[in-house]
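One structure below.
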Amino acid sequence: MVELFARLGDVYRVFVPARGSYTYVIHHPDDVKRVLVSNHRNYTKGIGLDRVRILLGKGIMTSEGELWKRQRYMMQPFFHRRLITEFAGIIAAANERCLARWETLARQGGALNLTDEMSELTLEIVLRAIFGRDLDRLSRQLGANPFEVVSREPARDLQFAYRFRSLTKIVAQLIARRRAESEEHFDYLAMLMGARDKDSGAPMGERELIDEVMTLIVAGHETTASGLNWTWYLLSRHPAAEARLHAEIDATPELAAPGLAQMEALGYTRQVVNEALRLYPPGWLLSRRTIEADVLGGYPVPPGTNVLLPLYLLHRHPGFWKDPEAFWPERFAPEHDAERPRFAYMPFAAGPRHCIGETFALYEMLMHLYKVARRYRLTWVPDKPLQLEAQINLRTRFPLHMRLERR
């Protein structure tokens, strides 16, 4: 796709014999805006959705039409800034446990498997945000965290999908237990169970509840883990940016569980995160399908046509980014905002179906950097070549290993 974009430009199509039709690939921000925002009603989710639906059922990521509208309306308030800040203690405590493990490793001088660590950290955070104190109860009852398969099994094949979907039985039992009790909880499961349809006042059905829980687990874990994995890699390769990030964090008060606004005040750290998500957007490819005919880039697109939006290439478009392959966080400083179109950068997608958990994910990433960079410098150990694995998420093909240096 990199080669085709360089050769063919902003719009091209590829004939797919298995489907007997063309797939269109677009890269220009104007066309991206048309598909996701201004003409979004003419598009449904596209190719690849079936694979994801096997994993997540009809959760908010995969559902369409009235079901999606109903679920999105009920869930949107759960991701309000005020509510997200209430999870500060969970995010902070998970990072402190992570740092305690790293302290032992740092004393021993060993290399850290950063990719696995980021996966385990973000999985713990999302599970505690969803299940609250029931997570520890489940782990004690079953002898281990039943959701560990999500971080321990890197493959995303049918075998993984079967194992993951088998966890729905545990979620169903937990829902039944909560309904039978009067105990109060503050977590996303409690919010989902308490949500009501705006018209009928009806709660979510059992299957809808379970599918939304499973969606939050996967969507809230893998993308954030990948984003942090790439962020640490880029910092380790760019000492000047790393030093500036350390200086900004060192200059701020050390708080046990800083709030969302306090993390967003870390201007340069936010620029680092934005730049990492520009170069390596975890959700690197969006797919849509036309309902009626449309025109993209001046070319007619027939109804029922798959349209691909490769964010990886949009974020590196030489027409909208100066030195697009370079890691330069300062490009996200306020004075540079006017230099590019709004839809040249959108790691969390855009329009009505933009990622509902964007603010939570950024909060999680910023707090992790705030906690860790104050204590450690991470240096990449290039034991294997850096290769991309561009599947559902953009990951490193091999785990990244880092050497910890106490600051």
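Chain lettering (A, B, ...) mirrors the order of the structure tokens, residue numbering begins at 1 for each chain separately, and ligand numbering begins at 1 in order of display.
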Taking the backbone alone, and naming residues the way the document does, which bits of segment 204-407 of chain A are helix (DSSP H, G or I) by DSSP, as a compact mmCIF listing (two decimals) with N, CA and C atoms, in the first residue's frame?
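result15.txt, written as the output of this step:
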# COMPACT_ATOMS: atom_id res chain seq x y z
N GLU A 206 -29.46 -8.89 27.56
CA GLU A 206 -28.32 -9.68 28.03
C GLU A 206 -27.22 -9.77 26.99
N ARG A 207 -27.59 -10.09 25.75
CA ARG A 207 -26.57 -10.24 24.69
C ARG A 207 -25.91 -8.90 24.41
N GLU A 208 -26.68 -7.82 24.39
CA GLU A 208 -26.09 -6.50 24.15
C GLU A 208 -25.09 -6.14 25.25
N LEU A 209 -25.46 -6.39 26.48
CA LEU A 209 -24.57 -6.11 27.60
C LEU A 209 -23.25 -6.85 27.45
N ILE A 210 -23.34 -8.13 27.18
CA ILE A 210 -22.14 -8.96 27.08
C ILE A 210 -21.27 -8.50 25.91
N ASP A 211 -21.89 -8.23 24.77
CA ASP A 211 -21.10 -7.81 23.61
C ASP A 211 -20.40 -6.47 23.87
N GLU A 212 -21.03 -5.56 24.59
CA GLU A 212 -20.38 -4.28 24.88
C GLU A 212 -19.22 -4.48 25.85
N VAL A 213 -19.37 -5.37 26.81
CA VAL A 213 -18.27 -5.66 27.74
C VAL A 213 -17.08 -6.24 26.98
N MET A 214 -17.35 -7.20 26.11
CA MET A 214 -16.26 -7.83 25.35
C MET A 214 -15.59 -6.82 24.42
N THR A 215 -16.38 -5.92 23.86
CA THR A 215 -15.82 -4.87 22.99
C THR A 215 -14.91 -3.94 23.78
N LEU A 216 -15.35 -3.52 24.96
CA LEU A 216 -14.53 -2.63 25.77
C LEU A 216 -13.21 -3.29 26.17
N ILE A 217 -13.25 -4.59 26.44
CA ILE A 217 -12.02 -5.28 26.82
C ILE A 217 -10.99 -5.23 25.70
N VAL A 218 -11.40 -5.60 24.50
CA VAL A 218 -10.45 -5.66 23.38
C VAL A 218 -10.06 -4.26 22.91
N ALA A 219 -11.07 -3.42 22.67
CA ALA A 219 -10.78 -2.08 22.13
C ALA A 219 -10.03 -1.23 23.13
N GLY A 220 -10.31 -1.43 24.42
CA GLY A 220 -9.65 -0.62 25.44
C GLY A 220 -8.28 -1.12 25.84
N HIS A 221 -7.91 -2.28 25.33
CA HIS A 221 -6.63 -2.86 25.72
C HIS A 221 -5.59 -2.76 24.61
N GLU A 222 -5.90 -3.32 23.44
CA GLU A 222 -4.88 -3.51 22.41
C GLU A 222 -4.38 -2.20 21.81
N THR A 223 -5.29 -1.26 21.56
CA THR A 223 -4.86 -0.03 20.93
C THR A 223 -3.95 0.78 21.85
N THR A 224 -4.30 0.86 23.13
CA THR A 224 -3.49 1.62 24.08
C THR A 224 -2.14 0.95 24.29
N ALA A 225 -2.13 -0.37 24.37
CA ALA A 225 -0.86 -1.10 24.53
C ALA A 225 0.05 -0.84 23.34
N SER A 226 -0.50 -0.90 22.14
CA SER A 226 0.30 -0.66 20.94
C SER A 226 0.82 0.77 20.92
N GLY A 227 -0.04 1.74 21.29
CA GLY A 227 0.40 3.13 21.30
C GLY A 227 1.55 3.37 22.25
N LEU A 228 1.50 2.78 23.45
CA LEU A 228 2.59 2.95 24.41
C LEU A 228 3.86 2.23 23.95
N ASN A 229 3.69 1.08 23.35
CA ASN A 229 4.83 0.32 22.83
C ASN A 229 5.61 1.17 21.83
N TRP A 230 4.89 1.78 20.88
CA TRP A 230 5.54 2.63 19.88
C TRP A 230 6.10 3.91 20.49
N THR A 231 5.41 4.47 21.47
CA THR A 231 5.88 5.71 22.09
C THR A 231 7.23 5.52 22.75
N TRP A 232 7.38 4.44 23.52
CA TRP A 232 8.66 4.18 24.18
C TRP A 232 9.76 3.90 23.16
N TYR A 233 9.42 3.19 22.09
CA TYR A 233 10.41 2.93 21.05
C TYR A 233 10.92 4.25 20.46
N LEU A 234 9.99 5.14 20.10
CA LEU A 234 10.38 6.41 19.47
C LEU A 234 11.19 7.28 20.43
N LEU A 235 10.80 7.32 21.69
CA LEU A 235 11.57 8.10 22.67
C LEU A 235 12.99 7.55 22.82
N SER A 236 13.12 6.23 22.80
CA SER A 236 14.45 5.63 22.97
C SER A 236 15.36 5.92 21.78
N ARG A 237 14.75 6.23 20.62
CA ARG A 237 15.54 6.49 19.41
C ARG A 237 15.80 7.98 19.20
N PRO A 239 16.94 10.96 21.55
CA PRO A 239 17.37 11.44 22.87
C PRO A 239 16.94 12.87 23.19
N ALA A 240 16.91 13.75 22.20
CA ALA A 240 16.53 15.14 22.47
C ALA A 240 15.07 15.23 22.90
N ALA A 241 14.21 14.49 22.23
CA ALA A 241 12.79 14.48 22.60
C ALA A 241 12.61 13.83 23.96
N GLU A 242 13.35 12.76 24.19
CA GLU A 242 13.28 12.07 25.48
C GLU A 242 13.70 13.02 26.61
N ALA A 243 14.79 13.77 26.40
CA ALA A 243 15.28 14.69 27.44
C ALA A 243 14.26 15.79 27.71
N ARG A 244 13.62 16.28 26.67
CA ARG A 244 12.62 17.34 26.87
C ARG A 244 11.39 16.80 27.62
N LEU A 245 10.99 15.58 27.31
CA LEU A 245 9.87 14.97 28.03
C LEU A 245 10.22 14.78 29.50
N HIS A 246 11.42 14.26 29.78
CA HIS A 246 11.86 14.09 31.17
C HIS A 246 11.86 15.43 31.91
N ALA A 247 12.34 16.47 31.23
CA ALA A 247 12.42 17.78 31.88
C ALA A 247 11.03 18.30 32.22
N GLU A 248 10.07 18.12 31.32
CA GLU A 248 8.72 18.60 31.59
C GLU A 248 8.10 17.85 32.77
N ILE A 249 8.27 16.54 32.79
CA ILE A 249 7.67 15.75 33.87
C ILE A 249 8.38 16.02 35.20
N ASP A 250 9.70 16.16 35.16
CA ASP A 250 10.45 16.46 36.39
C ASP A 250 10.03 17.80 37.00
N LEU A 260 -7.30 14.04 35.01
CA LEU A 260 -7.22 14.18 33.55
C LEU A 260 -6.68 15.55 33.15
N ALA A 261 -7.22 16.61 33.74
CA ALA A 261 -6.77 17.97 33.38
C ALA A 261 -5.29 18.17 33.68
N GLN A 262 -4.82 17.59 34.78
CA GLN A 262 -3.41 17.72 35.14
C GLN A 262 -2.51 17.01 34.13
N MET A 263 -2.98 15.88 33.61
CA MET A 263 -2.20 15.16 32.60
C MET A 263 -2.24 15.89 31.26
N GLU A 264 -3.37 16.45 30.92
CA GLU A 264 -3.47 17.19 29.66
C GLU A 264 -2.64 18.47 29.69
N GLY A 267 2.07 19.68 28.18
CA GLY A 267 1.99 20.02 26.76
C GLY A 267 2.91 19.21 25.87
N TYR A 268 4.19 19.12 26.23
CA TYR A 268 5.13 18.41 25.36
C TYR A 268 4.88 16.90 25.39
N THR A 269 4.53 16.37 26.54
CA THR A 269 4.24 14.94 26.64
C THR A 269 3.06 14.59 25.75
N ARG A 270 2.07 15.45 25.71
CA ARG A 270 0.93 15.23 24.81
C ARG A 270 1.39 15.25 23.36
N GLN A 271 2.31 16.14 23.02
CA GLN A 271 2.82 16.20 21.64
C GLN A 271 3.56 14.91 21.28
N VAL A 272 4.29 14.35 22.24
CA VAL A 272 4.99 13.08 22.00
C VAL A 272 3.98 11.97 21.70
N VAL A 273 2.94 11.90 22.51
CA VAL A 273 1.91 10.88 22.30
C VAL A 273 1.24 11.07 20.94
N ASN A 274 0.89 12.30 20.62
CA ASN A 274 0.25 12.57 19.32
C ASN A 274 1.14 12.16 18.16
N GLU A 275 2.43 12.46 18.27
CA GLU A 275 3.35 12.13 17.20
C GLU A 275 3.54 10.62 17.07
N ALA A 276 3.56 9.91 18.19
CA ALA A 276 3.65 8.45 18.13
C ALA A 276 2.41 7.87 17.47
N LEU A 277 1.25 8.41 17.78
CA LEU A 277 0.00 7.93 17.18
C LEU A 277 -0.11 8.36 15.72
N ARG A 278 0.59 9.42 15.34
CA ARG A 278 0.63 9.79 13.93
C ARG A 278 1.44 8.77 13.14
N LEU A 279 2.64 8.50 13.60
CA LEU A 279 3.52 7.59 12.87
C LEU A 279 3.04 6.15 12.91
N LEU A 311 -5.02 5.00 7.57
CA LEU A 311 -4.59 6.14 8.40
C LEU A 311 -3.07 6.21 8.48
N TYR A 312 -2.41 5.08 8.39
CA TYR A 312 -0.95 5.06 8.41
C TYR A 312 -0.39 5.95 7.30
N LEU A 313 -1.00 5.89 6.12
CA LEU A 313 -0.52 6.69 4.99
C LEU A 313 -1.09 8.11 5.03
N LEU A 314 -2.32 8.28 5.49
CA LEU A 314 -2.88 9.61 5.67
C LEU A 314 -1.99 10.44 6.59
N PRO A 329 7.76 15.75 17.59
CA PRO A 329 6.56 16.05 18.37
C PRO A 329 6.12 17.51 18.29
N GLU A 330 7.07 18.41 18.08
CA GLU A 330 6.75 19.84 18.05
C GLU A 330 5.76 20.19 16.94
N ARG A 331 5.57 19.33 15.97
CA ARG A 331 4.61 19.62 14.90
C ARG A 331 3.18 19.72 15.46
N PHE A 332 2.98 19.19 16.69
CA PHE A 332 1.66 19.27 17.32
C PHE A 332 1.55 20.43 18.30
N PRO A 334 0.63 24.19 19.35
CA PRO A 334 -0.51 24.98 18.85
C PRO A 334 -0.19 25.85 17.64
N GLU A 335 1.04 26.37 17.58
CA GLU A 335 1.37 27.27 16.47
C GLU A 335 1.42 26.57 15.12
N HIS A 336 1.43 25.24 15.11
CA HIS A 336 1.47 24.49 13.84
C HIS A 336 0.12 23.91 13.45
N ASP A 337 -0.91 24.14 14.26
CA ASP A 337 -2.22 23.53 13.99
C ASP A 337 -2.77 23.94 12.62
N ALA A 338 -2.55 25.18 12.24
CA ALA A 338 -3.13 25.69 10.98
C ALA A 338 -2.40 25.17 9.74
N GLU A 339 -1.33 24.42 9.92
CA GLU A 339 -0.52 24.00 8.78
C GLU A 339 -1.09 22.77 8.07
N ARG A 342 -7.88 19.52 9.14
CA ARG A 342 -8.38 18.82 10.32
C ARG A 342 -8.35 17.31 10.13
N PHE A 343 -8.65 16.83 8.95
CA PHE A 343 -8.77 15.38 8.75
C PHE A 343 -7.50 14.74 8.18
N ALA A 344 -6.36 15.42 8.38
CA ALA A 344 -5.08 14.79 8.05
C ALA A 344 -4.57 13.95 9.20
N GLY A 351 -15.90 11.68 13.06
CA GLY A 351 -17.32 11.60 12.76
C GLY A 351 -18.10 10.89 13.85
N PRO A 352 -19.35 10.53 13.56
CA PRO A 352 -20.20 9.91 14.57
C PRO A 352 -19.62 8.62 15.15
N ARG A 353 -18.77 7.93 14.38
CA ARG A 353 -18.24 6.66 14.86
C ARG A 353 -16.80 6.78 15.34
N GLU A 358 -11.55 7.56 23.35
CA GLU A 358 -10.35 8.36 23.04
C GLU A 358 -9.79 9.06 24.27
N THR A 359 -10.60 9.76 25.01
CA THR A 359 -10.10 10.52 26.15
C THR A 359 -9.54 9.60 27.22
N PHE A 360 -10.21 8.47 27.46
CA PHE A 360 -9.72 7.51 28.45
C PHE A 360 -8.34 6.99 28.03
N ALA A 361 -8.19 6.63 26.75
CA ALA A 361 -6.92 6.08 26.26
C ALA A 361 -5.79 7.09 26.40
N LEU A 362 -6.05 8.35 26.04
CA LEU A 362 -5.01 9.37 26.14
C LEU A 362 -4.64 9.63 27.61
N TYR A 363 -5.63 9.64 28.47
CA TYR A 363 -5.38 9.81 29.91
C TYR A 363 -4.48 8.69 30.41
N GLU A 364 -4.79 7.48 30.01
CA GLU A 364 -4.02 6.30 30.43
C GLU A 364 -2.58 6.39 29.94
N MET A 365 -2.38 6.80 28.69
CA MET A 365 -1.04 6.91 28.14
C MET A 365 -0.24 8.01 28.83
N LEU A 366 -0.87 9.15 29.03
CA LEU A 366 -0.18 10.27 29.66
C LEU A 366 0.21 9.95 31.10
N MET A 367 -0.68 9.31 31.85
CA MET A 367 -0.33 9.00 33.23
C MET A 367 0.79 7.97 33.30
N HIS A 368 0.79 7.02 32.37
CA HIS A 368 1.88 6.04 32.36
C HIS A 368 3.23 6.73 32.13
N LEU A 369 3.29 7.61 31.15
CA LEU A 369 4.54 8.33 30.89
C LEU A 369 4.93 9.20 32.08
N TYR A 370 3.96 9.85 32.68
CA TYR A 370 4.19 10.70 33.86
C TYR A 370 4.78 9.90 35.01
N LYS A 371 4.27 8.69 35.21
CA LYS A 371 4.75 7.84 36.31
C LYS A 371 6.13 7.25 36.02
N VAL A 372 6.31 6.74 34.82
CA VAL A 372 7.52 5.97 34.50
C VAL A 372 8.70 6.87 34.16
N ALA A 373 8.47 7.89 33.33
CA ALA A 373 9.59 8.72 32.87
C ALA A 373 10.22 9.50 34.01
Practice prompt. Pick out the residues sitting within 10 Å of Gly9 of chain A, and hand them over as a count of residues only; count only C-alpha atoms, and ignore anything fewer than 4 positions along from it in its own chain.
Written response: 8
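Closest approach to Arg165 of chain A among A:Pro29, A:Leu55, A:Thr122, A:Lys384 is made by A:Leu55 (distances from only C-alpha atoms).
Separating atom CA of Leu386 of chain A from atom CA of Phe398 of chain A is a distance of 7.3 Å.
Minimum atom-to-atom distance to Leu400 of chain A, evaluated using only C-alpha atoms, belongs to A:Ala111 out of A:Val16, A:Ala111, A:Leu158, A:Ala93.
Minimum distance to Gly132 of chain A across A:Leu49, A:Ala190, A:Ile392, A:Ala161 (counting only C-alpha atoms) occurs at A:Ala190.
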Worksheet item: Can you tell me, as a list in words, what residues are no more than 12 Å from Ile175 of chain A when counting only C-alpha atoms, ignoring any on the same chain fewer than 5 positions away?
Response: Ile130, Phe131, Asp134, Thr168, Lys169, Ile170, Ala180, Glu181, His185, Tyr188, Leu189, Ala190, Met191, Leu192, Met193, Gly194, Met204, Gly205, Glu206, Arg207, Leu209, Ile210 and Val213 of chain A
Written file, previous selection with N, CA and C atoms, as a short mmCIF file (atom, residue, chain, number, x, y, z; two decimals), in the first residue's frame:
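Result saved to out31.cif:
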data_model
loop_
_atom_site.label_atom_id
_atom_site.label_comp_id
_atom_site.auth_asym_id
_atom_site.auth_seq_id
_atom_site.Cartn_x
_atom_site.Cartn_y
_atom_site.Cartn_z
N ILE A 130 -13.74 -1.96 34.06
CA ILE A 130 -15.00 -2.61 33.71
C ILE A 130 -15.61 -3.36 34.89
N PHE A 131 -14.78 -4.14 35.58
CA PHE A 131 -15.31 -5.06 36.60
C PHE A 131 -15.08 -4.59 38.04
N ASP A 134 -14.79 -6.78 41.49
CA ASP A 134 -15.14 -8.16 41.13
C ASP A 134 -14.01 -8.87 40.41
N THR A 168 -17.56 -15.19 27.70
CA THR A 168 -18.87 -14.55 27.87
C THR A 168 -19.69 -15.24 28.97
N LYS A 169 -19.41 -16.53 29.20
CA LYS A 169 -20.13 -17.24 30.27
C LYS A 169 -19.81 -16.63 31.63
N ILE A 170 -18.55 -16.27 31.82
CA ILE A 170 -18.13 -15.65 33.09
C ILE A 170 -18.80 -14.29 33.24
N ALA A 180 -28.71 -10.08 41.42
CA ALA A 180 -29.29 -10.74 42.59
C ALA A 180 -28.91 -10.06 43.89
N GLU A 181 -27.92 -9.14 43.83
CA GLU A 181 -27.46 -8.46 45.03
C GLU A 181 -27.86 -6.99 44.99
N HIS A 185 -21.69 -0.62 42.83
CA HIS A 185 -20.39 -0.67 42.18
C HIS A 185 -20.20 0.60 41.36
N TYR A 188 -17.56 0.22 34.74
CA TYR A 188 -18.31 0.28 33.48
C TYR A 188 -19.39 -0.78 33.39
N LEU A 189 -19.21 -1.92 34.01
CA LEU A 189 -20.28 -2.91 34.00
C LEU A 189 -21.52 -2.37 34.71
N ALA A 190 -21.33 -1.72 35.85
CA ALA A 190 -22.47 -1.13 36.56
C ALA A 190 -23.16 -0.06 35.71
N MET A 191 -22.35 0.75 35.00
CA MET A 191 -22.93 1.78 34.14
C MET A 191 -23.73 1.17 33.00
N LEU A 192 -23.17 0.12 32.39
CA LEU A 192 -23.87 -0.54 31.29
C LEU A 192 -25.18 -1.16 31.77
N MET A 193 -25.15 -1.77 32.95
CA MET A 193 -26.36 -2.39 33.49
C MET A 193 -27.40 -1.34 33.86
N GLY A 194 -26.95 -0.14 34.20
CA GLY A 194 -27.88 0.92 34.58
C GLY A 194 -28.35 1.78 33.42
N MET A 204 -30.34 -2.44 28.46
CA MET A 204 -29.74 -3.30 27.44
C MET A 204 -30.15 -4.74 27.69
N GLY A 205 -30.31 -5.48 26.60
CA GLY A 205 -30.56 -6.90 26.72
C GLY A 205 -29.30 -7.64 27.16
N GLU A 206 -29.46 -8.89 27.56
CA GLU A 206 -28.32 -9.68 28.03
C GLU A 206 -27.22 -9.77 26.99
N ARG A 207 -27.59 -10.09 25.75
CA ARG A 207 -26.57 -10.24 24.69
C ARG A 207 -25.91 -8.90 24.41
N LEU A 209 -25.46 -6.39 26.48
CA LEU A 209 -24.57 -6.11 27.60
C LEU A 209 -23.25 -6.85 27.45
N ILE A 210 -23.34 -8.13 27.18
CA ILE A 210 -22.14 -8.96 27.08
C ILE A 210 -21.27 -8.50 25.91
N VAL A 213 -19.37 -5.37 26.81
CA VAL A 213 -18.27 -5.66 27.74
C VAL A 213 -17.08 -6.24 26.98
#
